[in-house]
file query_36.pdb (PDB, C-alpha atoms)
MODEL        1
ATOM      1  CA  MET A   1     -72.503  11.637 -71.263
ATOM      2  CA  SER A   2     -76.001  11.055 -69.887
ATOM      3  CA  ILE A   3     -76.799   8.956 -72.955
ATOM      4  CA  TYR A   4     -73.809   6.638 -72.430
ATOM      5  CA  LEU A   5     -74.113   6.353 -68.609
ATOM      6  CA  PRO A   6     -76.725   3.541 -68.685
ATOM      7  CA  VAL A   7     -74.629   1.597 -71.202
ATOM      8  CA  LEU A   8     -71.509   2.067 -69.055
ATOM      9  CA  LEU A   9     -73.357   0.908 -65.906
ATOM     10  CA  MET A  10     -74.707  -2.142 -67.784
ATOM     11  CA  GLY A  11     -71.142  -3.003 -68.854
ATOM     12  CA  LEU A  12     -69.871  -2.692 -65.274
ATOM     13  CA  MET A  13     -72.722  -4.905 -64.068
ATOM     14  CA  ALA A  14     -71.889  -7.509 -66.703
ATOM     15  CA  LEU A  15     -68.196  -7.506 -65.661
ATOM     16  CA  ALA A  16     -69.142  -7.798 -61.964
ATOM     17  CA  SER A  17     -71.488 -10.706 -62.757
ATOM     18  CA  TYR A  18     -68.775 -12.428 -64.790
ATOM     19  CA  TRP A  19     -66.271 -11.968 -61.939
ATOM     20  CA  LEU A  20     -68.753 -13.353 -59.350
ATOM     21  CA  LEU A  21     -69.446 -16.372 -61.524
ATOM     22  CA  ARG A  22     -65.714 -17.106 -61.844
ATOM     23  CA  ALA A  23     -65.097 -16.589 -58.099
ATOM     24  CA  ALA A  24     -68.004 -18.777 -56.929
ATOM     25  CA  PRO A  25     -67.174 -22.433 -56.120
ATOM     26  CA  GLU A  26     -68.314 -25.089 -58.564
ATOM     27  CA  ALA A  27     -71.463 -27.029 -57.815
ATOM     28  CA  ALA A  28     -70.783 -30.293 -55.997
ATOM     29  CA  LEU A  29     -70.884 -33.340 -58.188
ATOM     30  CA  PRO A  30     -73.012 -36.250 -57.022
ATOM     31  CA  ALA A  31     -71.029 -38.541 -54.747
ATOM     32  CA  VAL A  32     -69.828 -41.741 -56.320
ATOM     33  CA  ALA A  33     -71.276 -44.721 -54.479
ATOM     34  CA  ARG A  34     -68.514 -46.563 -52.681
ATOM     35  CA  PRO A  35     -68.581 -50.328 -52.860
ATOM     36  CA  VAL A  36     -69.845 -51.953 -49.663
ATOM     37  CA  THR A  37     -67.005 -53.694 -47.838
ATOM     38  CA  ASN A  38     -66.676 -56.050 -44.911
ATOM     39  CA  GLU A  39     -64.844 -53.383 -42.918
ATOM     40  CA  PRO A  40     -66.893 -52.387 -39.843
ATOM     41  CA  ASP A  41     -68.595 -49.040 -40.273
ATOM     42  CA  TYR A  42     -69.113 -48.544 -36.541
ATOM     43  CA  PHE A  43     -68.188 -50.205 -33.263
ATOM     44  CA  MET A  44     -68.960 -49.988 -29.543
ATOM     45  CA  ARG A  45     -66.737 -50.951 -26.630
ATOM     46  CA  ARG A  46     -67.776 -52.030 -23.120
ATOM     47  CA  PHE A  47     -71.431 -51.383 -23.779
ATOM     48  CA  SER A  48     -74.911 -52.244 -22.579
ATOM     49  CA  VAL A  49     -78.048 -51.885 -24.717
ATOM     50  CA  LYS A  50     -81.547 -52.191 -23.251
ATOM     51  CA  VAL A  51     -84.806 -52.696 -25.165
ATOM     52  CA  PHE A  52     -88.161 -51.831 -23.574
ATOM     53  CA  ASP A  53     -91.707 -52.621 -24.679
ATOM     54  CA  ALA A  54     -94.427 -49.994 -25.198
ATOM     55  CA  ASN A  55     -95.281 -50.048 -21.467
ATOM     56  CA  GLY A  56     -91.678 -49.394 -20.401
ATOM     57  CA  VAL A  57     -91.009 -52.963 -19.249
ATOM     58  CA  LEU A  58     -87.497 -54.279 -19.923
ATOM     59  CA  LYS A  59     -87.536 -56.948 -22.665
ATOM     60  CA  THR A  60     -83.893 -57.454 -23.625
ATOM     61  CA  GLU A  61     -80.493 -56.385 -22.353
ATOM     62  CA  VAL A  62     -77.247 -56.942 -24.270
ATOM     63  CA  PHE A  63     -73.757 -56.587 -22.745
ATOM     64  CA  GLY A  64     -70.477 -56.930 -24.591
ATOM     65  CA  ALA A  65     -66.778 -56.116 -24.636
ATOM     66  CA  GLU A  66     -66.902 -54.910 -28.265
ATOM     67  CA  ALA A  67     -69.483 -54.853 -31.064
ATOM     68  CA  ARG A  68     -68.855 -54.308 -34.780
ATOM     69  CA  HIS A  69     -71.346 -53.723 -37.600
ATOM     70  CA  HIS A  70     -70.455 -55.139 -41.035
ATOM     71  CA  PRO A  71     -72.370 -53.267 -43.778
ATOM     72  CA  ASP A  72     -71.903 -55.870 -46.534
ATOM     73  CA  THR A  73     -73.825 -58.548 -44.640
ATOM     74  CA  ASP A  74     -75.689 -56.149 -42.300
ATOM     75  CA  THR A  75     -74.610 -58.218 -39.301
ATOM     76  CA  VAL A  76     -73.388 -57.287 -35.844
ATOM     77  CA  GLU A  77     -70.609 -59.211 -34.082
ATOM     78  CA  ILE A  78     -70.315 -58.951 -30.302
ATOM     79  CA  ASP A  79     -67.271 -60.184 -28.377
ATOM     80  CA  GLN A  80     -67.749 -61.629 -24.862
ATOM     81  CA  ALA A  81     -71.485 -61.225 -25.149
ATOM     82  CA  ARG A  82     -74.241 -61.720 -22.594
ATOM     83  CA  ILE A  83     -77.878 -61.386 -23.674
ATOM     84  CA  ARG A  84     -80.772 -61.401 -21.185
ATOM     85  CA  THR A  85     -84.363 -61.685 -22.418
ATOM     86  CA  LEU A  86     -87.541 -61.527 -20.344
ATOM     87  CA  GLN A  87     -90.387 -63.358 -22.038
ATOM     88  CA  ALA A  88     -94.109 -62.633 -21.680
ATOM     89  CA  GLY A  89     -94.659 -64.854 -18.637
ATOM     90  CA  GLY A  90     -91.626 -63.435 -16.853
ATOM     91  CA  LEU A  91     -89.337 -66.285 -17.906
ATOM     92  CA  LEU A  92     -85.710 -65.176 -17.993
ATOM     93  CA  THR A  93     -83.462 -66.517 -20.752
ATOM     94  CA  THR A  94     -79.732 -65.760 -20.711
ATOM     95  CA  ALA A  95     -77.259 -66.441 -23.528
ATOM     96  CA  THR A  96     -73.473 -66.057 -23.235
ATOM     97  CA  ALA A  97     -70.641 -66.751 -25.661
ATOM     98  CA  GLN A  98     -67.176 -65.577 -26.660
ATOM     99  CA  ARG A  99     -68.718 -64.191 -29.883
ATOM    100  CA  VAL A 100     -72.315 -63.610 -30.952
ATOM    101  CA  THR A 101     -73.267 -62.737 -34.533
ATOM    102  CA  SER A 102     -76.743 -61.324 -35.202
ATOM    103  CA  ASN A 103     -78.575 -60.621 -38.460
ATOM    104  CA  ALA A 104     -80.107 -57.204 -39.176
ATOM    105  CA  ALA A 105     -83.616 -58.225 -38.079
ATOM    106  CA  GLN A 106     -82.231 -59.738 -34.845
ATOM    107  CA  THR A 107     -84.107 -62.956 -35.495
ATOM    108  CA  GLU A 108     -81.025 -65.177 -35.811
ATOM    109  CA  PHE A 109     -78.067 -65.352 -33.428
ATOM    110  CA  VAL A 110     -74.956 -67.509 -33.818
ATOM    111  CA  LEU A 111     -73.176 -68.124 -30.507
ATOM    112  CA  GLU A 112     -69.565 -69.303 -30.846
ATOM    113  CA  GLY A 113     -67.038 -70.325 -28.192
ATOM    114  CA  ASP A 114     -68.299 -71.598 -24.825
ATOM    115  CA  ALA A 115     -71.892 -70.918 -25.846
ATOM    116  CA  VAL A 116     -74.493 -71.289 -23.092
ATOM    117  CA  VAL A 117     -78.241 -70.634 -23.293
ATOM    118  CA  VAL A 118     -80.216 -70.905 -20.034
ATOM    119  CA  ARG A 119     -83.959 -70.575 -19.574
ATOM    120  CA  GLU A 120     -84.610 -70.232 -15.857
ATOM    121  CA  ALA A 121     -87.320 -72.254 -14.132
ATOM    122  CA  GLY A 122     -90.779 -70.742 -14.101
ATOM    123  CA  ARG A 123     -94.435 -71.271 -14.891
ATOM    124  CA  THR A 124     -96.334 -71.152 -18.156
ATOM    125  CA  ALA A 125     -99.490 -69.080 -18.678
ATOM    126  CA  ASP A 126    -101.631 -72.103 -17.705
ATOM    127  CA  GLY A 127     -99.653 -72.566 -14.448
ATOM    128  CA  SER A 128     -97.611 -75.666 -15.318
ATOM    129  CA  VAL A 129     -94.043 -75.731 -14.000
ATOM    130  CA  LEU A 130     -91.133 -75.380 -16.423
ATOM    131  CA  PRO A 131     -87.824 -76.676 -15.029
ATOM    132  CA  ARG A 132     -84.538 -74.884 -15.676
ATOM    133  CA  LEU A 133     -83.249 -75.695 -19.169
ATOM    134  CA  GLU A 134     -79.614 -75.236 -20.199
ATOM    135  CA  PHE A 135     -77.866 -75.766 -23.552
ATOM    136  CA  ARG A 136     -74.060 -75.842 -23.768
ATOM    137  CA  GLY A 137     -71.856 -76.206 -26.813
ATOM    138  CA  ASP A 138     -69.119 -74.689 -28.925
ATOM    139  CA  LEU A 139     -71.615 -73.394 -31.508
ATOM    140  CA  LEU A 140     -75.322 -72.733 -31.016
ATOM    141  CA  GLN A 141     -77.681 -71.137 -33.565
ATOM    142  CA  VAL A 142     -80.697 -69.424 -31.988
ATOM    143  CA  PHE A 143     -83.780 -68.355 -33.970
ATOM    144  CA  THR A 144     -86.414 -66.174 -32.291
ATOM    145  CA  GLU A 145     -89.376 -66.576 -34.684
ATOM    146  CA  PRO A 146     -90.257 -69.413 -34.322
ATOM    147  CA  GLN A 147     -88.193 -70.289 -31.259
ATOM    148  CA  ARG A 148     -85.549 -72.763 -32.332
ATOM    149  CA  LEU A 149     -82.024 -73.743 -31.300
ATOM    150  CA  LEU A 150     -79.712 -75.723 -33.606
ATOM    151  CA  SER A 151     -76.218 -77.134 -33.358
ATOM    152  CA  ASP A 152     -74.266 -79.463 -35.605
ATOM    153  CA  ARG A 153     -71.510 -79.820 -32.989
ATOM    154  CA  PRO A 154     -71.477 -81.733 -29.683
ATOM    155  CA  VAL A 155     -73.861 -80.264 -27.112
ATOM    156  CA  THR A 156     -74.970 -80.805 -23.545
ATOM    157  CA  VAL A 157     -78.558 -80.257 -22.450
ATOM    158  CA  VAL A 158     -79.416 -80.020 -18.749
ATOM    159  CA  ARG A 159     -83.108 -80.043 -17.828
ATOM    160  CA  GLY A 160     -83.730 -80.033 -14.111
ATOM    161  CA  ASN A 161     -81.547 -82.916 -12.839
ATOM    162  CA  ASP A 162     -81.391 -84.674 -16.227
ATOM    163  CA  ARG A 163     -78.276 -84.378 -18.409
ATOM    164  CA  ILE A 164     -78.036 -85.343 -22.094
ATOM    165  CA  ASN A 165     -74.949 -85.206 -24.346
ATOM    166  CA  ALA A 166     -75.334 -85.521 -28.117
ATOM    167  CA  ASP A 167     -73.393 -84.956 -31.335
ATOM    168  CA  SER A 168     -75.985 -82.420 -32.557
ATOM    169  CA  LEU A 169     -79.459 -81.146 -31.722
ATOM    170  CA  ASP A 170     -82.534 -79.372 -33.045
ATOM    171  CA  TYR A 171     -84.680 -77.811 -30.280
ATOM    172  CA  GLN A 172     -88.091 -76.437 -31.242
ATOM    173  CA  GLY A 173     -89.041 -74.145 -28.382
ATOM    174  CA  ASP A 174     -92.679 -73.545 -29.343
ATOM    175  CA  ASP A 175     -93.366 -77.296 -29.277
ATOM    176  CA  GLN A 176     -90.747 -78.037 -26.548
ATOM    177  CA  VAL A 177     -89.325 -80.884 -28.653
ATOM    178  CA  VAL A 178     -85.617 -81.748 -28.872
ATOM    179  CA  LEU A 179     -84.237 -83.918 -31.657
ATOM    180  CA  PHE A 180     -80.814 -85.387 -30.873
ATOM    181  CA  LYS A 181     -78.596 -86.820 -33.623
ATOM    182  CA  GLY A 182     -75.468 -88.929 -33.582
ATOM    183  CA  ARG A 183     -74.167 -90.492 -30.404
ATOM    184  CA  VAL A 184     -76.444 -89.667 -27.460
ATOM    185  CA  LYS A 185     -75.641 -90.250 -23.791
ATOM    186  CA  ALA A 186     -78.308 -89.491 -21.168
ATOM    187  CA  GLN A 187     -78.334 -89.391 -17.370
ATOM    188  CA  LEU A 188     -81.935 -89.286 -16.213
ATOM    189  CA  SER A 189     -82.768 -88.851 -12.538
ATOM    190  CA  PRO A 190     -85.800 -90.610 -11.021
ATOM    191  CA  ARG A 191     -88.895 -88.524 -10.428
TER     192      ARG A 191
ENDMDL
END

call {"tool": "encode", "arguments": {"input": "query_36.pdb", "output": "structure tokens"}}
result
Amino acid sequence: MSIYLPVLLMGLMALASYWLLRAAPEAALPAVARPVTNEPDYFMRRFSVKVFDANGVLKTEVFGAEARHHPDTDTVEIDQARIRTLQAGGLLTTATAQRVTSNAAQTEFVLEGDAVVVREAGRTADGSVLPRLEFRGDLLQVFTEPQRLLSDRPVTVVRGNDRINADSLDYQGDDQVVLFKGRVKAQLSPR
């Protein structure tokens, strides 16, 4: 019996190993990549997002009723949006619209429905005075680098006490140049 005991134990071990192998769950198969859809993959409701610089100074604040991220285009849509940005010299710029769509890099914003962009009055780094500047329209496209504002729909520009209506515009913020196209109507106040 002592001669067959090791063989018997080896057989029991083999049966136990076979049983454990059968009872163990199968290894997970690699997940099949799902096609990217336009369905939002996340959303936020009644939110506020703040962005600070390295020194802890507030740079940008975004408010909205609802935001949705679309993975196929990597864009974010915000309903009833209000965006406040403090620029280097302390100039405050505020943008509001019924809907704002932003690209992934947050360098392009499309404001739709009662779109308004306001840069409050202030001073430049060299001390010259910048009057309040306001853009109003149904659709405004804002680019941050370089600063540019476009619209191919009727717009109103208010600068100080001056008011200009045009069929479309191209504002280049770095150069402070506005190109109006189509029918233009201006009300300029004396200085």

call {"tool": "closest_residue", "arguments": {"input": "query_36.pdb", "among": "A:Gln141, A:Ser2, A:Ser128, A:Thr93", "to": "Ala115 in chain A", "atoms": "only C-alpha atoms"}}
result
A:Gln141

call {"tool": "resolve_selection", "arguments": {"input": "query_36.pdb", "expression": "the PyMOL selection byres ((chain A and resi 160) around 12)", "output": "list in words"}}
result
Val118, Arg119, Glu120, Ala121, Gly122, Val129, Leu130, Pro131, Arg132, Leu133, Glu134, Phe135, Val157, Val158, Arg159, Asn161, Asp162, Arg163, Ile164, Gln187, Leu188, Ser189, Pro190 and Arg191 of chain A

call {"tool": "axis_aligned_box", "arguments": {"input": "query_36.pdb", "around": "range 70-78 of chain A", "padding_each_side": "8 Å", "output": "lines of an AutoDock Vina configuration file"}}
result
center_x = -73.0
center_y = -56.2
center_z = -38.4
size_x = 21.4
size_y = 21.9
size_z = 32.2

call {"tool": "resolve_selection", "arguments": {"input": "query_36.pdb", "expression": "the PyMOL selection byres ((chain A and resi 90) around 12)", "output": "list in words"}}
result
Val57, Leu58, Lys59, Thr60, Arg84, Thr85, Leu86, Gln87, Ala88, Gly89, Leu91, Leu92, Thr93, Arg119, Glu120, Ala121, Gly122, Arg123, Thr124, Ala125 and Leu130 of chain A

call {"tool": "residues_around", "arguments": {"input": "query_36.pdb", "residues": "Leu150 in chain A", "least_positions_apart": "3", "cutoff": "9 Å", "atoms": "only C-alpha atoms", "output": "PyMOL selection string"}}
result
chain A and resi 139-143+168-172

call {"tool": "closest_residue", "arguments": {"input": "query_36.pdb", "among": "A:Asp174, A:Pro40, A:Gly127, A:Asp72", "to": "Pro146 in chain A", "atoms": "all atoms listed in the file"}}
result
A:Asp174

call {"tool": "residues_around", "arguments": {"input": "query_36.pdb", "residues": "Val155 in chain A", "least_positions_apart": "4", "cutoff": "8 Å", "atoms": "only C-alpha atoms", "output": "ChimeraX atom specification"}}
result
/A:135-138,151,165-169

call {"tool": "closest_residue", "arguments": {"input": "query_36.pdb", "among": "A:Ala186, A:Ile83, A:Val177, A:Val116", "to": "Lys50 in chain A", "atoms": "only C-alpha atoms"}}
result
A:Ile83

call {"tool": "residues_near_point", "arguments": {"input": "query_36.pdb", "point": "(-68.7, -50.1, -22.9)", "cutoff": "9 Å", "atoms": "only C-alpha atoms", "output": "ChimeraX atom specification"}}
result
/A:44-48,63-66

call {"tool": "residues_around", "arguments": {"input": "query_36.pdb", "residues": "range 98-103 of chain A", "least_positions_apart": "6", "cutoff": "9 Å", "atoms": "all atoms listed in the file", "output": "compact mmCIF listing (two decimals) with C-alpha atoms, in the frame of the given file"}}
result
# COMPACT_ATOMS: atom_id res chain seq x y z
CA THR A 73 -73.82 -58.55 -44.64
CA ASP A 74 -75.69 -56.15 -42.30
CA THR A 75 -74.61 -58.22 -39.30
CA VAL A 76 -73.39 -57.29 -35.84
CA GLU A 77 -70.61 -59.21 -34.08
CA ILE A 78 -70.32 -58.95 -30.30
CA ASP A 79 -67.27 -60.18 -28.38
CA GLN A 80 -67.75 -61.63 -24.86
CA ALA A 81 -71.48 -61.22 -25.15
CA ARG A 82 -74.24 -61.72 -22.59
CA PHE A 109 -78.07 -65.35 -33.43
CA VAL A 110 -74.96 -67.51 -33.82
CA LEU A 111 -73.18 -68.12 -30.51
CA GLU A 112 -69.56 -69.30 -30.85
CA GLY A 113 -67.04 -70.32 -28.19
CA ASP A 114 -68.30 -71.60 -24.82
CA ALA A 115 -71.89 -70.92 -25.85

call {"tool": "atom_distance", "arguments": {"input": "query_36.pdb", "atom1": "CA of Phe43 in chain A", "atom2": "CA of Gln106 in chain A"}}
result
17.0 Å

call {"tool": "atom_distance", "arguments": {"input": "query_36.pdb", "atom1": "CA of Glu108 in chain A", "atom2": "CA of Ala54 in chain A"}}
result
22.9 Å

call {"tool": "atom_distance", "arguments": {"input": "query_36.pdb", "atom1": "CA of Asp53 in chain A", "atom2": "CA of His69 in chain A"}}
result
24.1 Å

call {"tool": "closest_residue", "arguments": {"input": "query_36.pdb", "among": "A:His70, A:Val117, A:Ile3, A:Ala104", "to": "Asn38 in chain A", "atoms": "only C-alpha atoms"}}
result
A:His70

call {"tool": "closest_residue", "arguments": {"input": "query_36.pdb", "among": "A:Met13, A:Thr107, A:Pro71, A:Ala24", "to": "Asp41 in chain A", "atoms": "all atoms listed in the file"}}
result
A:Pro71

call {"tool": "build_atoms", "arguments": {"input": "query_36.pdb", "residues": "range 153-165 of chain A", "atoms": "N, CA, C and O atoms", "output": "PDB file, in the frame of the given file"}}
result
ATOM      1  N   ARG A 153     -72.688 -79.425 -33.766  1.00  0.00           N
ATOM      2  CA  ARG A 153     -71.510 -79.820 -32.989  1.00  0.00           C
ATOM      3  C   ARG A 153     -71.973 -80.423 -31.669  1.00  0.00           C
ATOM      4  O   ARG A 153     -73.120 -80.252 -31.267  1.00  0.00           O
ATOM      5  N   PRO A 154     -71.084 -81.116 -30.957  1.00  0.00           N
ATOM      6  CA  PRO A 154     -71.477 -81.733 -29.683  1.00  0.00           C
ATOM      7  C   PRO A 154     -72.065 -80.717 -28.703  1.00  0.00           C
ATOM      8  O   PRO A 154     -71.564 -79.602 -28.573  1.00  0.00           O
ATOM      9  N   VAL A 155     -73.153 -81.134 -28.052  1.00  0.00           N
ATOM     10  CA  VAL A 155     -73.861 -80.264 -27.112  1.00  0.00           C
ATOM     11  C   VAL A 155     -74.211 -81.039 -25.844  1.00  0.00           C
ATOM     12  O   VAL A 155     -74.261 -82.267 -25.835  1.00  0.00           O
ATOM     13  N   THR A 156     -74.476 -80.260 -24.800  1.00  0.00           N
ATOM     14  CA  THR A 156     -74.970 -80.805 -23.545  1.00  0.00           C
ATOM     15  C   THR A 156     -76.248 -80.072 -23.197  1.00  0.00           C
ATOM     16  O   THR A 156     -76.290 -78.838 -23.247  1.00  0.00           O
ATOM     17  N   VAL A 157     -77.284 -80.835 -22.862  1.00  0.00           N
ATOM     18  CA  VAL A 157     -78.558 -80.257 -22.450  1.00  0.00           C
ATOM     19  C   VAL A 157     -78.821 -80.694 -21.017  1.00  0.00           C
ATOM     20  O   VAL A 157     -78.763 -81.887 -20.703  1.00  0.00           O
ATOM     21  N   VAL A 158     -79.090 -79.734 -20.144  1.00  0.00           N
ATOM     22  CA  VAL A 158     -79.416 -80.020 -18.749  1.00  0.00           C
ATOM     23  C   VAL A 158     -80.824 -79.501 -18.514  1.00  0.00           C
ATOM     24  O   VAL A 158     -81.100 -78.317 -18.689  1.00  0.00           O
ATOM     25  N   ARG A 159     -81.716 -80.412 -18.118  1.00  0.00           N
ATOM     26  CA  ARG A 159     -83.108 -80.043 -17.828  1.00  0.00           C
ATOM     27  C   ARG A 159     -83.427 -80.543 -16.432  1.00  0.00           C
ATOM     28  O   ARG A 159     -83.537 -81.757 -16.223  1.00  0.00           O
ATOM     29  N   GLY A 160     -83.551 -79.621 -15.498  1.00  0.00           N
ATOM     30  CA  GLY A 160     -83.730 -80.033 -14.111  1.00  0.00           C
ATOM     31  C   GLY A 160     -82.493 -80.794 -13.657  1.00  0.00           C
ATOM     32  O   GLY A 160     -81.380 -80.278 -13.723  1.00  0.00           O
ATOM     33  N   ASN A 161     -82.682 -82.078 -13.244  1.00  0.00           N
ATOM     34  CA  ASN A 161     -81.547 -82.916 -12.839  1.00  0.00           C
ATOM     35  C   ASN A 161     -81.118 -83.868 -13.939  1.00  0.00           C
ATOM     36  O   ASN A 161     -80.219 -84.681 -13.738  1.00  0.00           O
ATOM     37  N   ASP A 162     -81.735 -83.801 -15.097  1.00  0.00           N
ATOM     38  CA  ASP A 162     -81.391 -84.674 -16.227  1.00  0.00           C
ATOM     39  C   ASP A 162     -80.299 -84.016 -17.064  1.00  0.00           C
ATOM     40  O   ASP A 162     -80.278 -82.806 -17.240  1.00  0.00           O
ATOM     41  N   ARG A 163     -79.391 -84.877 -17.589  1.00  0.00           N
ATOM     42  CA  ARG A 163     -78.276 -84.378 -18.409  1.00  0.00           C
ATOM     43  C   ARG A 163     -78.161 -85.250 -19.649  1.00  0.00           C
ATOM     44  O   ARG A 163     -78.100 -86.468 -19.552  1.00  0.00           O
ATOM     45  N   ILE A 164     -78.121 -84.610 -20.832  1.00  0.00           N
ATOM     46  CA  ILE A 164     -78.036 -85.343 -22.094  1.00  0.00           C
ATOM     47  C   ILE A 164     -76.909 -84.738 -22.932  1.00  0.00           C
ATOM     48  O   ILE A 164     -76.857 -83.519 -23.121  1.00  0.00           O
ATOM     49  N   ASN A 165     -76.023 -85.607 -23.432  1.00  0.00           N
ATOM     50  CA  ASN A 165     -74.949 -85.206 -24.346  1.00  0.00           C
ATOM     51  C   ASN A 165     -75.255 -85.818 -25.699  1.00  0.00           C
ATOM     52  O   ASN A 165     -75.649 -86.980 -25.786  1.00  0.00           O
TER      53      ASN A 165
END
